[in-house]
Amino acid sequence: MIRNLLAACLIVLLSACAKITPIYNIELETIVTASGNAPTLDQARYTIRRAVIAKTWKVKDTGPNSIEANLYKGVKHAQVAIKFSPTEYSIHYKSSNQLLYDGFKIHRRYNSWVKGLRKKINLYFSQL
């Protein structure tokens, strides 16, 4: 009984410490503003750029409704593509370095960075 309990605890502990997890992409996140009105495309671009820069990502415009963002943390590098409209946005993995990406899974820090980016973007939109 104790052996089984210890084995179960060990499995839970090891899974909690796993370095790689399924990649986290954001699909069609609804833009919610304080006013309830959708921003213009230019306002959406400006707000997303501000949020991305506030999270220390580097920003590059890649089209009328898309942005590329790069984050450098030591030797680790993550690149995402952000597509947006006045009503929604998406964040997709583009490339990385030193984040153990295997086509489906990636280092958990990448997911943490993307979740933080999502939170900051939503915060900035909520202030419009």
# chains A, B, ... in the order shown; residues from 1 in each chain; ligands from 1
>>> select_by_dssp(residues="chain A", states="helix (DSSP H, G or I)", output="PyMOL selection string")
chain A and resi 2-16+41-54+108-126
>>> select_by_dssp(residues="chain A", states="strand (DSSP E or B)", output="PDB file with N, CA and C atoms, in the first residue's frame")
ATOM      1  N   ILE A  20       8.545  19.991 -20.982  1.00  0.00           N
ATOM      2  CA  ILE A  20       7.840  20.278 -22.221  1.00  0.00           C
ATOM      3  C   ILE A  20       6.357  19.965 -22.086  1.00  0.00           C
ATOM      4  N   THR A  21       5.561  20.778 -22.713  1.00  0.00           N
ATOM      5  CA  THR A  21       4.108  20.652 -22.683  1.00  0.00           C
ATOM      6  C   THR A  21       3.574  20.930 -24.082  1.00  0.00           C
ATOM      7  N   PRO A  22       2.328  20.560 -24.350  1.00  0.00           N
ATOM      8  CA  PRO A  22       1.757  20.877 -25.659  1.00  0.00           C
ATOM      9  C   PRO A  22       1.816  22.389 -25.910  1.00  0.00           C
ATOM     10  N   ILE A  26      -3.171  30.813 -29.289  1.00  0.00           N
ATOM     11  CA  ILE A  26      -4.413  31.504 -28.978  1.00  0.00           C
ATOM     12  C   ILE A  26      -5.184  31.673 -30.276  1.00  0.00           C
ATOM     13  N   GLU A  27      -6.396  31.157 -30.303  1.00  0.00           N
ATOM     14  CA  GLU A  27      -7.235  31.191 -31.494  1.00  0.00           C
ATOM     15  C   GLU A  27      -8.408  32.138 -31.296  1.00  0.00           C
ATOM     16  N   LEU A  28      -8.467  33.156 -32.111  1.00  0.00           N
ATOM     17  CA  LEU A  28      -9.625  34.048 -32.189  1.00  0.00           C
ATOM     18  C   LEU A  28     -10.114  34.537 -30.817  1.00  0.00           C
ATOM     19  N   GLU A  29      -9.197  35.103 -30.067  1.00  0.00           N
ATOM     20  CA  GLU A  29      -9.524  35.714 -28.766  1.00  0.00           C
ATOM     21  C   GLU A  29     -10.357  36.966 -29.028  1.00  0.00           C
ATOM     22  N   THR A  30     -11.501  37.060 -28.402  1.00  0.00           N
ATOM     23  CA  THR A  30     -12.382  38.209 -28.593  1.00  0.00           C
ATOM     24  C   THR A  30     -11.804  39.445 -27.923  1.00  0.00           C
ATOM     25  N   LYS A  58      10.103  42.117 -28.917  1.00  0.00           N
ATOM     26  CA  LYS A  58      10.425  43.001 -30.039  1.00  0.00           C
ATOM     27  C   LYS A  58       9.317  42.841 -31.078  1.00  0.00           C
ATOM     28  N   VAL A  59       8.899  43.955 -31.695  1.00  0.00           N
ATOM     29  CA  VAL A  59       7.752  43.953 -32.597  1.00  0.00           C
ATOM     30  C   VAL A  59       8.157  44.329 -34.009  1.00  0.00           C
ATOM     31  N   LYS A  60       7.534  43.643 -34.970  1.00  0.00           N
ATOM     32  CA  LYS A  60       7.736  43.963 -36.377  1.00  0.00           C
ATOM     33  C   LYS A  60       6.394  43.833 -37.098  1.00  0.00           C
ATOM     34  N   ASP A  61       5.981  44.894 -37.790  1.00  0.00           N
ATOM     35  CA  ASP A  61       4.756  44.828 -38.591  1.00  0.00           C
ATOM     36  C   ASP A  61       5.014  43.956 -39.810  1.00  0.00           C
ATOM     37  N   THR A  62       4.086  43.043 -40.093  1.00  0.00           N
ATOM     38  CA  THR A  62       4.259  42.144 -41.236  1.00  0.00           C
ATOM     39  C   THR A  62       3.102  42.226 -42.223  1.00  0.00           C
ATOM     40  N   GLY A  63       2.172  43.125 -41.987  1.00  0.00           N
ATOM     41  CA  GLY A  63       1.031  43.291 -42.885  1.00  0.00           C
ATOM     42  C   GLY A  63       0.004  44.202 -42.250  1.00  0.00           C
ATOM     43  N   SER A  66      -1.284  42.095 -39.210  1.00  0.00           N
ATOM     44  CA  SER A  66      -0.409  41.089 -38.594  1.00  0.00           C
ATOM     45  C   SER A  66       0.877  41.711 -38.063  1.00  0.00           C
ATOM     46  N   ILE A  67       1.357  41.088 -37.009  1.00  0.00           N
ATOM     47  CA  ILE A  67       2.573  41.515 -36.324  1.00  0.00           C
ATOM     48  C   ILE A  67       3.402  40.269 -36.030  1.00  0.00           C
ATOM     49  N   GLU A  68       4.706  40.408 -36.081  1.00  0.00           N
ATOM     50  CA  GLU A  68       5.614  39.356 -35.635  1.00  0.00           C
ATOM     51  C   GLU A  68       6.242  39.852 -34.342  1.00  0.00           C
ATOM     52  N   ALA A  69       6.302  38.987 -33.339  1.00  0.00           N
ATOM     53  CA  ALA A  69       6.902  39.361 -32.060  1.00  0.00           C
ATOM     54  C   ALA A  69       7.985  38.358 -31.703  1.00  0.00           C
ATOM     55  N   ASN A  70       9.116  38.865 -31.207  1.00  0.00           N
ATOM     56  CA  ASN A  70      10.258  38.046 -30.817  1.00  0.00           C
ATOM     57  C   ASN A  70      10.634  38.330 -29.374  1.00  0.00           C
ATOM     58  N   LEU A  71      10.886  37.275 -28.636  1.00  0.00           N
ATOM     59  CA  LEU A  71      11.334  37.413 -27.257  1.00  0.00           C
ATOM     60  C   LEU A  71      12.669  36.699 -27.118  1.00  0.00           C
ATOM     61  N   TYR A  72      13.633  37.384 -26.518  1.00  0.00           N
ATOM     62  CA  TYR A  72      14.963  36.828 -26.281  1.00  0.00           C
ATOM     63  C   TYR A  72      15.197  36.786 -24.775  1.00  0.00           C
ATOM     64  N   LYS A  73      15.466  35.588 -24.263  1.00  0.00           N
ATOM     65  CA  LYS A  73      15.786  35.398 -22.850  1.00  0.00           C
ATOM     66  C   LYS A  73      17.066  34.580 -22.785  1.00  0.00           C
ATOM     67  N   LYS A  76      17.613  31.525 -25.105  1.00  0.00           N
ATOM     68  CA  LYS A  76      16.277  31.128 -25.546  1.00  0.00           C
ATOM     69  C   LYS A  76      15.651  32.227 -26.403  1.00  0.00           C
ATOM     70  N   HIS A  77      14.964  31.813 -27.456  1.00  0.00           N
ATOM     71  CA  HIS A  77      14.313  32.756 -28.364  1.00  0.00           C
ATOM     72  C   HIS A  77      12.970  32.177 -28.785  1.00  0.00           C
ATOM     73  N   ALA A  78      11.939  33.014 -28.774  1.00  0.00           N
ATOM     74  CA  ALA A  78      10.615  32.615 -29.240  1.00  0.00           C
ATOM     75  C   ALA A  78      10.113  33.651 -30.230  1.00  0.00           C
ATOM     76  N   GLN A  79       9.461  33.174 -31.274  1.00  0.00           N
ATOM     77  CA  GLN A  79       8.882  34.053 -32.292  1.00  0.00           C
ATOM     78  C   GLN A  79       7.435  33.635 -32.513  1.00  0.00           C
ATOM     79  N   VAL A  80       6.521  34.621 -32.470  1.00  0.00           N
ATOM     80  CA  VAL A  80       5.110  34.353 -32.701  1.00  0.00           C
ATOM     81  C   VAL A  80       4.573  35.283 -33.782  1.00  0.00           C
ATOM     82  N   ALA A  81       3.509  34.837 -34.414  1.00  0.00           N
ATOM     83  CA  ALA A  81       2.778  35.655 -35.372  1.00  0.00           C
ATOM     84  C   ALA A  81       1.457  36.027 -34.717  1.00  0.00           C
ATOM     85  N   ILE A  82       1.143  37.319 -34.748  1.00  0.00           N
ATOM     86  CA  ILE A  82      -0.112  37.804 -34.175  1.00  0.00           C
ATOM     87  C   ILE A  82      -0.949  38.363 -35.315  1.00  0.00           C
ATOM     88  N   LYS A  83      -2.106  37.770 -35.536  1.00  0.00           N
ATOM     89  CA  LYS A  83      -3.063  38.240 -36.542  1.00  0.00           C
ATOM     90  C   LYS A  83      -4.225  38.864 -35.787  1.00  0.00           C
ATOM     91  N   PHE A  84      -4.753  39.968 -36.305  1.00  0.00           N
ATOM     92  CA  PHE A  84      -5.814  40.650 -35.582  1.00  0.00           C
ATOM     93  C   PHE A  84      -6.785  41.348 -36.519  1.00  0.00           C
ATOM     94  N   GLU A  88     -11.089  40.578 -32.899  1.00  0.00           N
ATOM     95  CA  GLU A  88     -10.414  39.420 -32.329  1.00  0.00           C
ATOM     96  C   GLU A  88      -8.948  39.374 -32.750  1.00  0.00           C
ATOM     97  N   TYR A  89      -8.189  38.533 -32.041  1.00  0.00           N
ATOM     98  CA  TYR A  89      -6.787  38.327 -32.404  1.00  0.00           C
ATOM     99  C   TYR A  89      -6.391  36.881 -32.119  1.00  0.00           C
ATOM    100  N   SER A  90      -5.322  36.453 -32.774  1.00  0.00           N
ATOM    101  CA  SER A  90      -4.767  35.112 -32.573  1.00  0.00           C
ATOM    102  C   SER A  90      -3.253  35.231 -32.419  1.00  0.00           C
ATOM    103  N   ILE A  91      -2.683  34.338 -31.640  1.00  0.00           N
ATOM    104  CA  ILE A  91      -1.227  34.268 -31.476  1.00  0.00           C
ATOM    105  C   ILE A  91      -0.807  32.844 -31.798  1.00  0.00           C
ATOM    106  N   HIS A  92       0.091  32.695 -32.776  1.00  0.00           N
ATOM    107  CA  HIS A  92       0.551  31.373 -33.197  1.00  0.00           C
ATOM    108  C   HIS A  92       2.070  31.277 -33.118  1.00  0.00           C
ATOM    109  N   TYR A  93       2.518  30.120 -32.712  1.00  0.00           N
ATOM    110  CA  TYR A  93       3.944  29.808 -32.701  1.00  0.00           C
ATOM    111  C   TYR A  93       4.487  29.944 -34.122  1.00  0.00           C
ATOM    112  N   LYS A  94       5.662  30.556 -34.242  1.00  0.00           N
ATOM    113  CA  LYS A  94       6.319  30.670 -35.545  1.00  0.00           C
ATOM    114  C   LYS A  94       7.661  29.947 -35.541  1.00  0.00           C
ATOM    115  N   SER A  95       8.504  30.222 -34.549  1.00  0.00           N
ATOM    116  CA  SER A  95       9.785  29.529 -34.443  1.00  0.00           C
ATOM    117  C   SER A  95      10.358  29.737 -33.043  1.00  0.00           C
ATOM    118  N   SER A  96      11.426  28.992 -32.763  1.00  0.00           N
ATOM    119  CA  SER A  96      12.076  29.138 -31.458  1.00  0.00           C
ATOM    120  C   SER A  96      13.486  28.580 -31.527  1.00  0.00           C
ATOM    121  N   ASN A  97      14.241  28.899 -30.494  1.00  0.00           N
ATOM    122  CA  ASN A  97      15.601  28.393 -30.337  1.00  0.00           C
ATOM    123  C   ASN A  97      15.779  28.031 -28.873  1.00  0.00           C
ATOM    124  N   LYS A 105       5.150  19.833 -29.043  1.00  0.00           N
ATOM    125  CA  LYS A 105       5.387  20.254 -27.659  1.00  0.00           C
ATOM    126  C   LYS A 105       6.558  21.219 -27.617  1.00  0.00           C
ATOM    127  N   ILE A 106       6.603  21.983 -26.515  1.00  0.00           N
ATOM    128  CA  ILE A 106       7.635  22.996 -26.351  1.00  0.00           C
ATOM    129  C   ILE A 106       7.900  23.186 -24.863  1.00  0.00           C
ATOM    130  N   HIS A 107       9.003  23.820 -24.542  1.00  0.00           N
ATOM    131  CA  HIS A 107       9.340  24.121 -23.149  1.00  0.00           C
ATOM    132  C   HIS A 107       8.197  24.916 -22.523  1.00  0.00           C
TER     133      HIS A 107
END
>>> residues_around(residues="region 36-46 of chain A", least_positions_apart="3", cutoff="6 Å", atoms="only C-alpha atoms", output="VMD selection string")
chain A and resid 33 49 86 to 87
>>> write_last_selection(atoms="all heavy atoms", output="mmCIF file, in the first residue's frame")
data_model
loop_
_atom_site.group_PDB
_atom_site.id
_atom_site.type_symbol
_atom_site.label_atom_id
_atom_site.label_comp_id
_atom_site.auth_asym_id
_atom_site.auth_seq_id
_atom_site.Cartn_x
_atom_site.Cartn_y
_atom_site.Cartn_z
ATOM 1 N N THR A 33 -13.452 45.770 -24.958
ATOM 2 C CA THR A 33 -13.030 47.103 -24.519
ATOM 3 C C THR A 33 -13.955 47.604 -23.415
ATOM 4 O O THR A 33 -15.081 47.118 -23.278
ATOM 5 C CB THR A 33 -13.059 48.096 -25.693
ATOM 6 O OG1 THR A 33 -14.411 48.227 -26.152
ATOM 7 C CG2 THR A 33 -12.170 47.654 -26.835
ATOM 8 N N ARG A 49 0.603 46.301 -30.159
ATOM 9 C CA ARG A 49 2.031 46.656 -30.157
ATOM 10 C C ARG A 49 2.469 47.144 -28.771
ATOM 11 O O ARG A 49 3.525 46.757 -28.279
ATOM 12 C CB ARG A 49 2.323 47.735 -31.207
ATOM 13 C CG ARG A 49 2.339 47.215 -32.637
ATOM 14 C CD ARG A 49 2.619 48.355 -33.625
ATOM 15 N NE ARG A 49 3.886 49.016 -33.342
ATOM 16 C CZ ARG A 49 5.053 48.637 -33.841
ATOM 17 N NH1 ARG A 49 5.118 47.600 -34.669
ATOM 18 N NH2 ARG A 49 6.160 49.293 -33.530
ATOM 19 N N PRO A 86 -10.486 44.198 -35.812
ATOM 20 C CA PRO A 86 -11.061 45.021 -34.738
ATOM 21 C C PRO A 86 -11.834 44.220 -33.684
ATOM 22 O O PRO A 86 -12.132 44.740 -32.617
ATOM 23 C CB PRO A 86 -11.997 45.970 -35.491
ATOM 24 C CG PRO A 86 -11.413 46.069 -36.860
ATOM 25 C CD PRO A 86 -10.894 44.687 -37.142
ATOM 26 N N THR A 87 -12.136 42.959 -33.952
ATOM 27 C CA THR A 87 -12.953 42.183 -33.010
ATOM 28 C C THR A 87 -12.236 41.007 -32.353
ATOM 29 O O THR A 87 -12.726 40.480 -31.354
ATOM 30 C CB THR A 87 -14.213 41.646 -33.709
ATOM 31 O OG1 THR A 87 -13.812 40.840 -34.826
ATOM 32 C CG2 THR A 87 -15.104 42.788 -34.188
#
>>> atom_distance(atom1="CA of Ala34 (chain A)", atom2="CA of Asn122 (chain A)")
10.8 Å
>>> atom_distance(atom1="CA of Ser112 (chain A)", atom2="CA of Thr56 (chain A)")
13.9 Å
>>> closest_residue(among="A:Thr47, A:Asn111, A:Gln98, A:Asn65", to="Gln127 (chain A)", atoms="only C-alpha atoms")
A:Thr47
>>> atom_distance(atom1="CA of Tyr110 (chain A)", atom2="CA of Tyr24 (chain A)")
8.2 Å
